[in-house]
Every structure is written in C-alpha cells, then in structure tokens.
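Listing of data_34.txt; format and content: compact mmCIF, C-alpha atoms.
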```txt
# COMPACT_ATOMS: atom_id res chain seq x y z
CA MET A 1 7.64 16.03 -24.91
CA LYS A 2 4.29 14.63 -26.03
CA ILE A 3 3.11 11.04 -25.61
CA LEU A 4 -0.03 9.74 -27.34
CA ILE A 5 -1.67 6.57 -26.02
CA LYS A 6 -4.01 5.11 -28.65
CA GLY A 7 -7.02 2.81 -28.43
CA ALA A 8 -6.87 1.72 -24.79
CA ARG A 9 -9.68 0.78 -22.46
CA VAL A 10 -9.34 3.78 -20.17
CA ILE A 11 -10.56 3.23 -16.62
CA ASP A 12 -10.81 6.32 -14.44
CA PRO A 13 -13.26 6.06 -11.51
CA ALA A 14 -12.62 9.71 -10.58
CA ASN A 15 -14.40 10.74 -13.78
CA ASN A 16 -16.64 7.68 -14.26
CA THR A 17 -14.72 6.70 -17.37
CA ASP A 18 -14.61 3.13 -18.66
CA ASP A 19 -14.38 3.30 -22.42
CA VAL A 20 -11.99 3.09 -25.36
CA ARG A 21 -10.15 6.40 -25.50
CA ASP A 22 -6.94 8.08 -26.59
CA ILE A 23 -4.82 10.05 -24.11
CA LEU A 24 -2.48 12.88 -25.05
CA ILE A 25 0.24 13.81 -22.58
CA ASP A 26 2.11 17.09 -22.88
CA GLY A 27 4.99 17.52 -20.45
CA ALA A 28 4.05 16.39 -16.96
CA LYS A 29 0.29 16.75 -17.47
CA ILE A 30 -2.56 15.07 -19.29
CA LEU A 31 -3.69 17.36 -22.12
CA LYS A 32 -6.61 15.43 -23.62
CA VAL A 33 -8.70 12.29 -23.06
CA GLU A 34 -10.95 11.77 -26.07
CA LYS A 35 -12.48 9.12 -28.31
CA THR A 36 -9.97 9.87 -31.07
CA ILE A 37 -7.01 12.20 -30.92
CA ALA A 38 -5.21 13.12 -34.14
CA ALA A 39 -2.09 14.88 -32.95
CA GLN A 40 1.63 14.83 -33.46
CA ALA A 41 3.55 13.18 -30.61
CA ASP A 42 7.15 12.29 -29.82
CA ASN A 43 6.06 8.82 -28.70
CA ILE A 44 2.95 6.91 -29.76
CA ILE A 45 1.87 3.90 -27.67
CA ASP A 46 -0.46 1.42 -29.37
CA ALA A 47 -2.58 0.30 -26.43
CA LYS A 48 -5.32 -1.60 -28.27
CA GLY A 49 -6.48 -4.50 -26.10
CA LYS A 50 -4.79 -3.02 -23.05
CA ILE A 51 -6.09 -1.23 -19.98
CA VAL A 52 -4.90 2.24 -19.07
CA MET A 53 -5.45 3.33 -15.48
CA PRO A 54 -4.15 6.01 -13.13
CA GLY A 55 -0.82 4.95 -11.63
CA ILE A 56 -1.14 2.92 -8.43
CA VAL A 57 -0.84 4.88 -5.18
CA ASP A 58 0.66 2.51 -2.59
CA MET A 59 -0.14 4.07 0.76
CA HIS A 60 1.90 1.72 2.95
CA ALA A 61 5.49 0.70 2.18
CA HIS A 62 8.84 0.31 3.94
CA LEU A 63 11.73 1.61 1.85
CA ARG A 64 14.44 0.93 4.51
CA GLU A 65 16.59 3.90 3.52
CA PRO A 66 18.17 5.53 5.46
CA GLY A 67 19.69 2.86 7.69
CA ARG A 68 19.09 -0.55 6.11
CA GLU A 69 20.26 -0.18 2.53
CA ASP A 70 21.22 -3.87 2.55
CA LYS A 71 17.47 -4.61 2.43
CA GLU A 72 16.28 -1.89 0.04
CA THR A 73 17.09 1.61 -1.14
CA ILE A 74 14.80 4.28 -2.46
CA ALA A 75 16.40 3.76 -5.87
CA SER A 76 15.80 -0.02 -5.87
CA ALA A 77 12.34 0.29 -4.30
CA THR A 78 11.11 2.77 -6.87
CA THR A 79 12.61 0.70 -9.71
CA ALA A 80 10.71 -2.33 -8.43
CA ALA A 81 7.50 -0.38 -7.89
CA LEU A 82 7.50 0.90 -11.49
CA ARG A 83 7.45 -2.71 -12.70
CA GLY A 84 4.27 -3.25 -10.72
CA GLY A 85 2.49 -0.20 -12.10
CA VAL A 86 3.03 1.89 -8.96
CA THR A 87 3.68 5.61 -9.46
CA SER A 88 3.33 6.94 -5.89
CA ILE A 89 4.45 5.50 -2.55
CA LEU A 90 3.89 6.51 1.06
CA ALA A 91 7.13 5.71 2.90
CA MET A 92 6.79 4.51 6.50
CA PRO A 93 8.95 6.16 9.20
CA ASN A 94 10.66 3.07 10.69
CA THR A 95 14.07 3.94 9.28
CA SER A 96 17.33 4.79 11.03
CA PRO A 97 17.12 7.58 11.96
CA CYS A 98 13.38 7.38 12.49
CA ILE A 99 11.38 10.00 10.57
CA ASP A 100 10.28 11.85 13.70
CA SER A 101 11.72 15.36 13.21
CA ALA A 102 12.24 18.11 10.66
CA GLU A 103 15.90 17.08 10.37
CA SER A 104 15.09 13.45 9.54
CA ILE A 105 12.45 14.51 7.02
CA GLU A 106 14.98 16.75 5.28
CA LEU A 107 17.45 13.86 5.16
CA LEU A 108 14.85 11.61 3.55
CA LYS A 109 13.69 14.31 1.14
CA ASN A 110 17.26 14.77 -0.09
CA ILE A 111 17.58 11.05 -0.83
CA ILE A 112 14.22 11.08 -2.61
CA ARG A 113 15.22 14.06 -4.75
CA LYS A 114 18.47 12.39 -5.79
CA THR A 115 17.39 8.77 -6.33
CA ALA A 116 13.60 8.27 -6.52
CA GLN A 117 12.11 7.46 -9.90
CA MET A 118 8.55 8.29 -8.87
CA ASN A 119 6.52 10.18 -6.29
CA VAL A 120 7.56 9.27 -2.74
CA PHE A 121 5.41 10.80 -0.03
CA ILE A 122 6.52 10.81 3.59
CA CYS A 123 4.81 9.42 6.68
CA GLY A 124 6.22 10.85 9.90
CA ALA A 125 6.29 9.05 13.26
CA ILE A 126 3.59 9.65 15.86
CA THR A 127 6.06 9.35 18.74
CA LYS A 128 9.78 9.95 19.04
CA ASN A 129 11.70 6.95 17.70
CA ARG A 130 8.33 5.15 17.55
CA LEU A 131 8.66 4.22 21.22
CA GLY A 132 5.18 5.34 22.22
CA LYS A 133 6.49 7.49 25.07
CA GLU A 134 6.67 11.06 23.79
CA LEU A 135 4.92 12.77 20.88
CA SER A 136 6.89 13.82 17.83
CA ASP A 137 6.54 17.42 16.66
CA ILE A 138 3.49 16.65 14.52
CA THR A 139 3.03 20.29 13.49
CA GLY A 140 6.66 20.41 12.36
CA LEU A 141 6.39 17.10 10.51
CA GLU A 142 3.39 18.37 8.56
CA LYS A 143 5.11 21.70 7.87
CA PHE A 144 8.15 19.95 6.36
CA GLY A 145 6.07 17.71 4.11
CA ALA A 146 4.66 14.67 5.93
CA VAL A 147 1.21 13.76 4.58
CA ALA A 148 0.49 11.25 7.36
CA ILE A 149 1.75 10.08 10.75
CA SER A 150 2.15 6.51 12.01
CA ASP A 151 4.22 4.41 14.38
CA ASP A 152 3.72 1.55 11.93
CA GLY A 153 5.21 -1.70 13.12
CA ALA A 154 4.14 -0.59 16.58
CA SER A 155 0.94 0.72 18.09
CA VAL A 156 0.79 3.57 20.60
CA ASP A 157 -0.28 1.87 23.83
CA SER A 158 -1.12 5.01 25.81
CA ASP A 159 -4.67 6.23 25.24
CA GLU A 160 -3.64 9.71 26.40
CA ILE A 161 -0.69 10.01 24.00
CA MET A 162 -2.71 8.62 21.09
CA LYS A 163 -5.58 11.02 21.79
CA GLU A 164 -3.18 13.96 21.92
CA ALA A 165 -1.62 12.85 18.63
CA MET A 166 -5.06 12.74 17.02
CA GLN A 167 -5.87 16.20 18.35
CA HIS A 168 -2.70 17.59 16.72
CA ALA A 169 -3.46 15.67 13.52
CA LYS A 170 -6.99 17.08 13.44
CA LYS A 171 -5.63 20.65 13.66
CA LYS A 172 -3.24 20.06 10.75
CA ASN A 173 -5.70 17.86 8.81
CA ILE A 174 -3.06 15.15 8.56
CA LEU A 175 -3.92 11.45 8.33
CA VAL A 176 -3.30 9.14 11.29
CA LEU A 177 -2.34 5.71 9.94
CA CYS A 178 -2.61 2.96 12.55
CA HIS A 179 -0.98 -0.43 12.93
CA CYS A 180 -3.52 -1.92 15.34
CA GLU A 181 -1.79 -4.32 17.72
CA ASP A 182 -1.97 -4.63 21.48
CA LYS A 183 1.38 -6.20 22.33
CA SER A 184 0.09 -7.37 25.71
CA LEU A 185 -2.27 -9.63 23.74
CA SER A 186 -0.07 -10.57 20.76
CA ALA A 187 2.99 -11.12 23.01
CA ASP A 188 5.66 -13.14 21.19
CA GLY A 189 3.28 -14.75 18.70
CA VAL A 190 4.39 -15.54 15.16
CA VAL A 191 1.26 -17.00 13.47
CA ASN A 192 -2.50 -16.75 13.87
CA PHE A 193 -3.65 -18.09 17.23
CA GLY A 194 -5.76 -21.22 16.85
CA PHE A 195 -5.65 -24.69 15.39
CA THR A 196 -2.74 -23.94 13.04
CA SER A 197 -0.51 -22.43 15.73
CA THR A 198 -1.24 -25.44 17.96
CA ARG A 199 -0.55 -27.89 15.15
CA LEU A 200 2.77 -26.23 14.33
CA GLY A 201 3.82 -25.76 17.93
CA LEU A 202 4.27 -22.01 17.37
CA LYS A 203 3.08 -19.12 19.54
CA GLY A 204 -0.11 -17.53 18.28
CA ILE A 205 -1.15 -13.92 17.69
CA SER A 206 -4.73 -13.45 18.83
CA ARG A 207 -7.39 -11.69 16.80
CA GLU A 208 -8.19 -9.63 19.90
CA SER A 209 -4.76 -8.01 19.71
CA GLU A 210 -5.86 -6.37 16.45
CA TYR A 211 -9.57 -5.70 16.79
CA LYS A 212 -9.51 -4.40 20.36
CA ARG A 213 -6.82 -1.86 19.43
CA ALA A 214 -8.78 -0.93 16.30
CA GLN A 215 -11.84 -0.41 18.49
CA ARG A 216 -9.82 1.88 20.75
CA ASP A 217 -8.42 3.92 17.87
CA ILE A 218 -11.87 4.32 16.31
CA ARG A 219 -13.20 5.59 19.65
CA LEU A 220 -10.40 8.16 19.87
CA ALA A 221 -11.02 9.24 16.27
CA GLU A 222 -14.67 9.80 17.15
CA GLU A 223 -13.72 11.86 20.21
CA THR A 224 -11.19 14.02 18.36
CA GLY A 225 -12.60 14.20 14.83
CA ALA A 226 -9.24 13.09 13.40
CA ARG A 227 -8.93 11.23 10.10
CA LEU A 228 -8.04 7.64 11.00
CA HIS A 229 -6.74 5.01 8.58
CA ILE A 230 -6.44 1.40 9.76
CA THR A 231 -3.83 -0.40 7.74
CA HIS A 232 -3.31 -4.10 6.85
CA VAL A 233 -6.66 -5.23 8.24
CA SER A 234 -6.60 -9.00 8.81
CA CYS A 235 -9.67 -10.20 10.70
CA ALA A 236 -13.45 -10.13 10.45
CA GLU A 237 -14.00 -8.40 13.79
CA THR A 238 -11.85 -5.42 12.80
CA ILE A 239 -13.81 -5.14 9.57
CA GLU A 240 -17.11 -5.05 11.44
CA PHE A 241 -15.88 -2.28 13.76
CA ILE A 242 -14.80 -0.26 10.71
CA ARG A 243 -18.13 -0.89 8.99
CA GLN A 244 -20.11 0.32 11.99
CA ALA A 245 -17.82 3.34 12.45
CA LYS A 246 -18.41 4.42 8.87
CA LYS A 247 -22.16 4.11 9.35
CA SER A 248 -21.82 6.37 12.40
CA GLY A 249 -20.02 9.04 10.40
CA ILE A 250 -16.60 8.55 12.01
CA LYS A 251 -13.73 9.53 9.70
CA VAL A 252 -12.19 6.10 9.30
CA THR A 253 -10.74 4.37 6.23
CA ALA A 254 -8.88 1.09 5.84
CA ASP A 255 -6.63 -0.94 3.57
CA VAL A 256 -5.77 -4.58 3.08
CA THR A 257 -2.61 -6.16 1.67
CA PRO A 258 -2.52 -8.48 -1.36
CA HIS A 259 -1.38 -11.37 0.86
CA HIS A 260 -4.16 -10.92 3.40
CA MET A 261 -6.82 -10.81 0.69
CA CYS A 262 -5.88 -14.12 -0.94
CA LEU A 263 -3.94 -16.30 1.54
CA ASP A 264 -5.00 -17.88 4.81
CA GLU A 265 -3.17 -19.45 7.74
CA GLU A 266 -2.80 -22.82 6.01
CA ALA A 267 -0.05 -21.24 3.89
CA VAL A 268 2.29 -21.46 6.92
CA LEU A 269 1.94 -25.24 7.32
CA GLU A 270 5.27 -25.81 5.57
CA TYR A 271 7.05 -23.42 7.97
CA ASP A 272 8.01 -21.12 5.07
CA PRO A 273 9.04 -17.73 6.57
CA ASN A 274 7.84 -16.00 3.39
CA PHE A 275 4.37 -16.47 4.85
CA LYS A 276 5.33 -14.87 8.17
CA MET A 277 3.91 -11.37 8.48
CA ASN A 278 2.35 -9.12 11.11
CA PRO A 279 -0.60 -9.21 11.32
CA PRO A 280 -0.48 -12.90 10.48
CA LEU A 281 -2.47 -14.71 7.82
CA ARG A 282 -5.81 -15.50 9.43
CA GLY A 283 -8.59 -18.04 8.88
CA LYS A 284 -10.78 -18.78 5.87
CA GLU A 285 -13.68 -16.88 7.45
CA ASP A 286 -11.46 -13.78 7.68
CA LEU A 287 -10.47 -14.16 4.04
CA ALA A 288 -14.15 -14.25 3.07
CA ALA A 289 -14.86 -11.19 5.23
CA ILE A 290 -12.01 -9.26 3.59
CA LYS A 291 -13.29 -9.98 0.09
CA GLN A 292 -16.81 -8.95 1.09
CA ALA A 293 -15.45 -5.75 2.66
CA LEU A 294 -13.54 -4.93 -0.53
CA LYS A 295 -16.74 -5.44 -2.50
CA ASP A 296 -19.02 -3.39 -0.25
CA GLY A 297 -16.53 -0.56 0.28
CA THR A 298 -15.75 -1.13 3.96
CA ILE A 299 -12.13 -1.58 2.92
CA ASP A 300 -11.15 1.43 0.83
CA ALA A 301 -7.71 0.54 -0.51
CA ILE A 302 -5.18 -2.15 -1.34
CA ALA A 303 -1.62 -1.43 -0.16
CA THR A 304 1.48 -3.61 -0.23
CA ASP A 305 3.02 -3.16 3.24
CA HIS A 306 6.21 -3.79 1.20
CA ALA A 307 8.66 -5.08 3.83
CA PRO A 308 11.99 -6.20 2.37
CA HIS A 309 14.36 -8.39 4.40
CA THR A 310 17.70 -10.05 3.64
CA GLU A 311 17.99 -13.80 3.14
CA ASN A 312 19.81 -14.06 6.48
CA GLU A 313 16.73 -12.60 8.17
CA LYS A 314 14.18 -14.70 6.31
CA GLU A 315 15.70 -18.04 5.38
CA ILE A 316 16.02 -19.25 8.98
CA GLU A 317 13.77 -20.99 11.50
CA PHE A 318 10.20 -19.70 11.24
CA ASP A 319 9.91 -18.31 14.77
CA ARG A 320 13.24 -16.43 14.42
CA ALA A 321 12.58 -14.98 10.97
CA GLU A 322 11.57 -11.35 10.46
CA PHE A 323 7.94 -10.44 9.79
CA GLY A 324 6.96 -9.15 6.37
CA VAL A 325 7.04 -9.67 2.61
CA ILE A 326 7.75 -7.57 -0.48
CA GLY A 327 4.88 -6.55 -2.72
CA PHE A 328 5.57 -3.81 -5.28
CA GLU A 329 6.08 -6.00 -8.34
CA THR A 330 3.07 -8.24 -7.71
CA ILE A 331 0.39 -5.91 -6.29
CA LEU A 332 -1.51 -5.35 -9.54
CA SER A 333 -1.17 -8.88 -10.89
CA VAL A 334 -2.27 -10.48 -7.61
CA ALA A 335 -5.28 -8.18 -7.52
CA ILE A 336 -6.22 -9.02 -11.12
CA THR A 337 -5.79 -12.75 -10.51
CA GLU A 338 -7.53 -12.97 -7.15
CA LEU A 339 -10.20 -10.26 -7.41
CA VAL A 340 -11.05 -9.38 -11.02
CA ALA A 341 -10.60 -12.82 -12.64
CA THR A 342 -12.71 -14.39 -9.86
CA GLY A 343 -15.49 -11.78 -10.03
CA VAL A 344 -14.96 -10.27 -6.59
CA LEU A 345 -14.34 -6.81 -8.07
CA SER A 346 -14.91 -5.22 -11.46
CA TRP A 347 -12.04 -3.41 -13.13
CA PRO A 348 -13.34 0.05 -12.16
CA GLU A 349 -13.78 -1.12 -8.56
CA LEU A 350 -10.21 -2.42 -8.50
CA VAL A 351 -8.76 0.78 -9.92
CA LYS A 352 -10.64 2.72 -7.26
CA LYS A 353 -8.97 0.63 -4.52
CA LEU A 354 -5.49 0.91 -6.05
CA SER A 355 -5.37 4.47 -7.33
CA TYR A 356 -8.26 6.83 -6.70
CA ASN A 357 -9.16 6.06 -3.07
CA PRO A 358 -5.57 6.09 -1.74
CA ALA A 359 -4.98 9.47 -3.41
CA VAL A 360 -8.17 10.88 -1.87
CA ILE A 361 -7.31 9.50 1.58
CA LEU A 362 -3.79 10.96 1.45
CA LYS A 363 -5.04 14.20 -0.13
CA VAL A 364 -2.50 14.05 -2.95
CA ASN A 365 -3.18 15.12 -6.55
CA LYS A 366 -3.02 11.64 -8.03
CA GLY A 367 -5.36 8.82 -9.02
CA ALA A 368 -7.22 10.40 -11.96
CA LEU A 369 -6.95 10.60 -15.76
CA ALA A 370 -8.37 13.95 -16.82
CA PRO A 371 -6.99 17.02 -18.58
CA GLY A 372 -4.81 19.03 -16.22
CA HIS A 373 -4.02 16.09 -13.93
CA ASP A 374 -0.53 14.72 -13.34
CA ALA A 375 0.39 12.24 -16.07
CA ASP A 376 0.97 9.24 -13.78
CA ILE A 377 -0.32 6.31 -15.80
CA THR A 378 -0.14 2.51 -15.89
CA VAL A 379 -0.64 0.50 -19.09
CA VAL A 380 -1.40 -3.18 -18.49
CA SER A 381 -2.11 -6.28 -20.58
CA PRO A 382 -4.90 -7.71 -18.40
CA ASP A 383 -4.94 -11.31 -19.65
CA LYS A 384 -1.24 -11.91 -20.22
CA GLU A 385 0.30 -14.31 -17.68
CA TRP A 386 3.70 -14.43 -16.00
CA GLN A 387 5.39 -16.45 -13.27
CA VAL A 388 6.89 -14.90 -10.15
CA THR A 389 10.56 -15.78 -9.62
CA LYS A 390 13.32 -14.47 -7.37
CA GLU A 391 15.47 -13.79 -10.41
CA GLY A 392 12.81 -11.53 -11.90
CA PHE A 393 12.64 -9.09 -9.00
CA ALA A 394 14.22 -5.63 -9.16
CA SER A 395 13.84 -5.28 -5.40
CA ILE A 396 17.06 -6.00 -3.48
CA SER A 397 15.18 -8.40 -1.20
CA LYS A 398 13.31 -11.41 -2.57
CA ASN A 399 10.97 -12.35 0.31
CA SER A 400 7.73 -12.67 -1.63
CA ALA A 401 4.67 -14.67 -0.60
CA PHE A 402 3.95 -15.36 -4.28
CA LEU A 403 7.16 -17.04 -5.48
CA GLU A 404 6.56 -19.47 -8.36
CA LYS A 405 2.90 -18.44 -8.61
CA LYS A 406 1.47 -17.81 -12.08
CA LEU A 407 -0.36 -14.48 -12.22
CA LYS A 408 -2.52 -12.63 -14.74
CA GLY A 409 -1.78 -9.07 -15.80
CA VAL A 410 1.50 -7.71 -17.13
CA VAL A 411 2.50 -4.06 -16.79
CA GLU A 412 3.67 -2.81 -20.19
CA TYR A 413 4.36 0.85 -19.40
CA THR A 414 4.52 2.98 -16.28
CA ILE A 415 4.49 6.73 -16.90
CA VAL A 416 5.45 9.19 -14.16
CA SER A 417 5.02 12.95 -14.59
CA GLY A 418 4.68 12.50 -18.34
CA LYS A 419 7.83 10.42 -18.81
CA ILE A 420 8.02 6.72 -19.60
CA ALA A 421 9.70 5.48 -16.42
CA TYR A 422 9.27 1.78 -17.20
CA GLN A 423 8.68 -0.12 -20.43
CA ARG A 424 8.57 -3.92 -20.38
CA GLY A 425 11.43 -5.45 -22.31
```

Could you quickly redo this structure as structure tokens?
Amino acid sequence: MKILIKGARVIDPANNTDDVRDILIDGAKILKVEKTIAAQADNIIDAKGKIVMPGIVDMHAHLREPGREDKETIASATTAALRGGVTSILAMPNTSPCIDSAESIELLKNIIRKTAQMNVFICGAITKNRLGKELSDITGLEKFGAVAISDDGASVDSDEIMKEAMQHAKKKNILVLCHCEDKSLSADGVVNFGFTSTRLGLKGISRESEYKRAQRDIRLAEETGARLHITHVSCAETIEFIRQAKKSGIKVTADVTPHHMCLDEEAVLEYDPNFKMNPPLRGKEDLAAIKQALKDGTIDAIATDHAPHTENEKEIEFDRAEFGVIGFETILSVAITELVATGVLSWPELVKKLSYNPAVILKVNKGALAPGHDADITVVSPDKEWQVTKEGFASISKNSAFLEKKLKGVVEYTIVSGKIAYQRG
C-alpha cells in the first residue's frame, strides 16, 4: 500500500530538512522525500499548512500491563499514544511480574505482539524485582530484547551493585536509565521541600535527594564508561552536574517531562493530587533552568513518564494519593504551547527532542524521514487549538496535570510502519 503526503512543512533534524516537501510511503518504508512527487497512491493526504515530523519516541512510560490492567493496558496505552503523535514507546519494568528475567520479557513481548498498535520497546530491571539487592541477568535481558535497564520508580542505593550493573551494561552497550532519588533524603515527602511544603503542612522532598544521586550515578558512569541516561530531571543542580559531565566527555544524556518543563510547585497549592509526581514540581528557578537546558542541549529529550492511576488512587487526600500523571495525549501539544509558541525552542529543535534524540539514545531505527527509513510519521496542525478533558482521553486513567487547559497543536494523522494508525475524526 502506498501513501502520498502532499505539501507539508517537513521537519527532519536527522537530515537537516525544514522545507515544503512531499513524502511517498511504500509498505512499511519511506520511498521518497522530494519537492514534488507525482505518483499513484492508495491514499493521498493533503498536508498543506501542516507539519510532518518523525513519529515521537517516548523513552519513558509506564504501561502497567501485566499486573495492573485496571490502570492501563498495552492496547489502551498505544491507542492513547497514537492520538498524541507517539509512534514508539519505551516501557518501564515496574509491572507484575517485574521485567527482570527472560521469562518476564517473553511474557511482555507476547502481549505487545498481540495488542500493541505501535512500536513498544522494553526496558528491563537493573535488580531483581527492583529491590536494589541483587542484579538481574542483564546479559540475558539484552539478549531477549531489552534496549535499556532501569529500576525506575526506585534508585539503586548500593554503589557496588550500581557500578556492577553499569559494567555489565557497558559490555552489552545497553543504556542505563536512572531515576535519581536517595530515599534517605526524600523520606516520605510528597511535594518539593521549601516554602510551599511548609505552607501546605506536607512533607517535603529535598532537591539533594535528586542531585546527589545524579552526581553519584555520573561518577559511576565515568568510572565504567557506561551510557547513562538521567530521566525526569527536575532541579537546577542536577542540570548543572549533567552539563559539566557532558563537557568532560562522560556518556550522559537526560530527559525532562512536559509537566516539569512548564509547571512549578505553586500548582499544588489547591491540594490537587493531579499535580503530585515524583520528582515533585520544583521552584520557578528550576523551571527557568530546565527551559535553558532544553535550549542549550543539556537536556536531550522530552519524555512523558506516563503514569496512569485509578480514580481511587488519585482522587483522595494529597499525601495518600499515588505519584504520577498521564502524558501520551498531551506531550506534543504541551510542547508546542509552552516551548515553540513562547520562543524557547524552534520547531526543528523541538522535533529533535521528541523524535531524533530519543531514537539515537536508545539506538533504535526511528526518528528520521528519509528514503529507506521506517515510515513512522506524525502529521500535526500546529496552530489549531483544543481543550483537554477527561472525556476526551483514550487512556483508561484520567490523571492528567493539564485537565481543562487549552493547548495548541492537533495531531491529524499518526502513521506507524506505513499504515495510518490514527486519523482525527
């Protein structure tokens, strides 16, 4: 089957393309990207006035299946992600069973094969059951298809175990994705430690709990030569450690979530659990540091940390509610509204953070629009506005930090492996 996309502004940082082009798709691959293509096609998409970009590669998401299908399933998660222009997802290992063995990877792969509507890549656990006590079989995880390892939601406290994990990861050239949190410092905190936590009478999560663990992980990456990725960066100090590490030639990359790049701790003043996440929303100075780091390249990627929870887990007292928010269906629109429309990033810079860089970091063949590449493509109306509502979500869970917010940018088509997987309306 052939699809011809006509007259779009094609943005492809991998090939330094930002121009009006046509794209011809034949089967699962891109056949041509040219100024004008006169060819027969089974489906012609008039994309005049629209932006065409490589499909978003979300390198941090919780799909909940197997084990918590009441929150999300791979079927519902991928349906939701298509609406947001996402074509590839890295699934975190905090499922039940935990993705810490060849058997659990095979279980997850079978579900993906049967129900996923897009590319779902697998992140295996660093330690067995993510308990930080005993290493998983990292060689086996990589052999059976894991592209990264992480104990996300937890940080490995033992320097010795973490160093050994990085040594194994270095041998297999597999990414180590780190949730940087020293629990002895964050304790039972629920919001950013400081004036807001004091005002609300809630326990605070210190900045030190993040940046000191990030400092440790960067040191171990330097010692081992492993590829380190620090996820959901939230504070200025962490950013500065990453910046200096990059200057020193250490193999470190980082991402930020949509909520951390546009919301600060004042969002929690109404005790709304939809603004409860870990790491917490930080101060205005951290927000400014994040935007600067996106602009100067210290932060490489934007990832959702999609974390669905049931209403029973979220719509309760703030300190008892679960951490985390959903993000698939709003990632692109939030980025357009908060970064492109405000001049923080250009369109090519944004596409690099959403598509190209995550693909390069994960070493997957995605994130580009050139002949021979996988036809994973997002078509978006950049100026069209929409309002976020619970009723509009395809995700099973509705715990969004952007409910009722008006956003710019509407995804019109999402194409996966040369097939139209989502078409608005």

* For CA of Pro382 (chain A) and CA of Thr298 (chain A), quote the distance in Å rounded to one decimal. => 25.7 Å

* **Non-local contacts of Glu391 (chain A) (12 Å; only C-alpha atoms; under 6 positions in same chain excluded) as a PyMOL selection string** => chain A and resi 397-400+403-404

* Asked: Hey, what's within 12 Å of region 100-107 of chain A if we count all atoms listed in the file and toss same-chain stuff fewer than 2 positions away? As a PyMOL selection string, please?
  -> chain A and resi 65-67+91-98+109-114+121-132+134-151

* Structure fact -> What separates CA of Arg199 (chain A) and CA of Leu269 (chain A) is a distance of 8.6 Å

* Quick one: everything within 8 Å of Ile25 (chain A), counting only C-alpha atoms, minus sequence neighbours fewer than 2 positions away in the same chain. Send it as a list in words. =>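 My list of contacting residues is Lys2, Ile3, Leu4, Ile23, Gly27, Ala28, Lys29, Ile30, Leu31, Lys32, Ala375 and Gly418 of chain A.
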
* To one decimal place, how far is CA of Arg21 (chain A) from CA of Arg9 (chain A) in Å? -> 6.4 Å

* Excluding region 245-256 of chain A and residues on its chain fewer than 4 positions from it, collect all residues at most 7 Å away from it, counting only C-alpha atoms, and give them as a PyMOL selection string. => chain A and resi 222+226-233+241+260-261+299-303

* To do: Skip Ser346 (chain A) itself and residues of its chain fewer than 5 positions away, then list as a PyMOL selection string all residues within 12 Å of it, counting only C-alpha atoms.
  => chain A and resi 11+13+18+294-295+335-341+351-353

* To do: Dump as a list in words all residues having an atom at most 9 Å from (1.3, -15.2, -20.9), computed in the file's coordinates with all atoms listed in the file.
  =>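 Collected hits near the coordinates: Asp383, Lys384, Glu385, Trp386, Gln387, Leu407, Lys408, Gly409 and Val410 of chain A.
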
Same residues, C-alpha atoms, output as an mmCIF file, in the coordinates of the input:
```cif
data_model
loop_
_atom_site.group_PDB
_atom_site.id
_atom_site.type_symbol
_atom_site.label_atom_id
_atom_site.label_comp_id
_atom_site.auth_asym_id
_atom_site.auth_seq_id
_atom_site.Cartn_x
_atom_site.Cartn_y
_atom_site.Cartn_z
ATOM 1 C CA ASP A 383 -4.940 -11.310 -19.650
ATOM 2 C CA LYS A 384 -1.240 -11.910 -20.220
ATOM 3 C CA GLU A 385 0.300 -14.310 -17.680
ATOM 4 C CA TRP A 386 3.700 -14.430 -16.000
ATOM 5 C CA GLN A 387 5.390 -16.450 -13.270
ATOM 6 C CA LEU A 407 -0.360 -14.480 -12.220
ATOM 7 C CA LYS A 408 -2.520 -12.630 -14.740
ATOM 8 C CA GLY A 409 -1.780 -9.070 -15.800
ATOM 9 C CA VAL A 410 1.500 -7.710 -17.130
#
```

* Asked: Counting all atoms listed in the file, which of A:Thr79, A:Gln423, A:Thr378, A:Ser158 gets nearest to Pro54 (chain A)?
  ->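 Once distances to Pro54 (chain A) are computed over all atoms listed in the file, the minimum belongs to A:Thr378.
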
* Asked: Which is closer to Thr78 (chain A) than all the others in A:Pro348, A:Gly327, A:Gly425, A:Gly392, using only C-alpha atoms?
  ->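 The shortest atom-to-atom distance to Thr78 (chain A) comes from A:Gly327.
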
Emit as lines of an AutoDock Vina configuration file the padded axis-aligned box for all listed atoms of region 402-415 of chain A, 5 Å per side, with centre and edge lengths in Å to one decimal.
```
center_x = 2.3
center_y = -6.4
center_z = -12.2
size_x = 19.7
size_y = 36.2
size_z = 25.9
```

* Asked: Looking at all atoms listed in the file, which of A:Glu270, A:Glu164, A:Glu265, A:Asp188 is the one that sits closest to Arg320 (chain A)?
  ->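 Going through A:Glu270, A:Glu164, A:Glu265, A:Asp188 one by one, the smallest distance to Arg320 (chain A) is for A:Asp188.
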
* Structure fact -> Ile174 (chain A) proximity check over A:Leu200, A:Ala77, A:Ile361, A:Ile218, using only C-alpha atoms: winner is A:Ile361

* **Radius query 12 Å about (-2.9, -23.8, 12.3), atoms used: all atoms listed in the file, as a PyMOL selection string** => chain A and resi 190-205+264-271+280-284
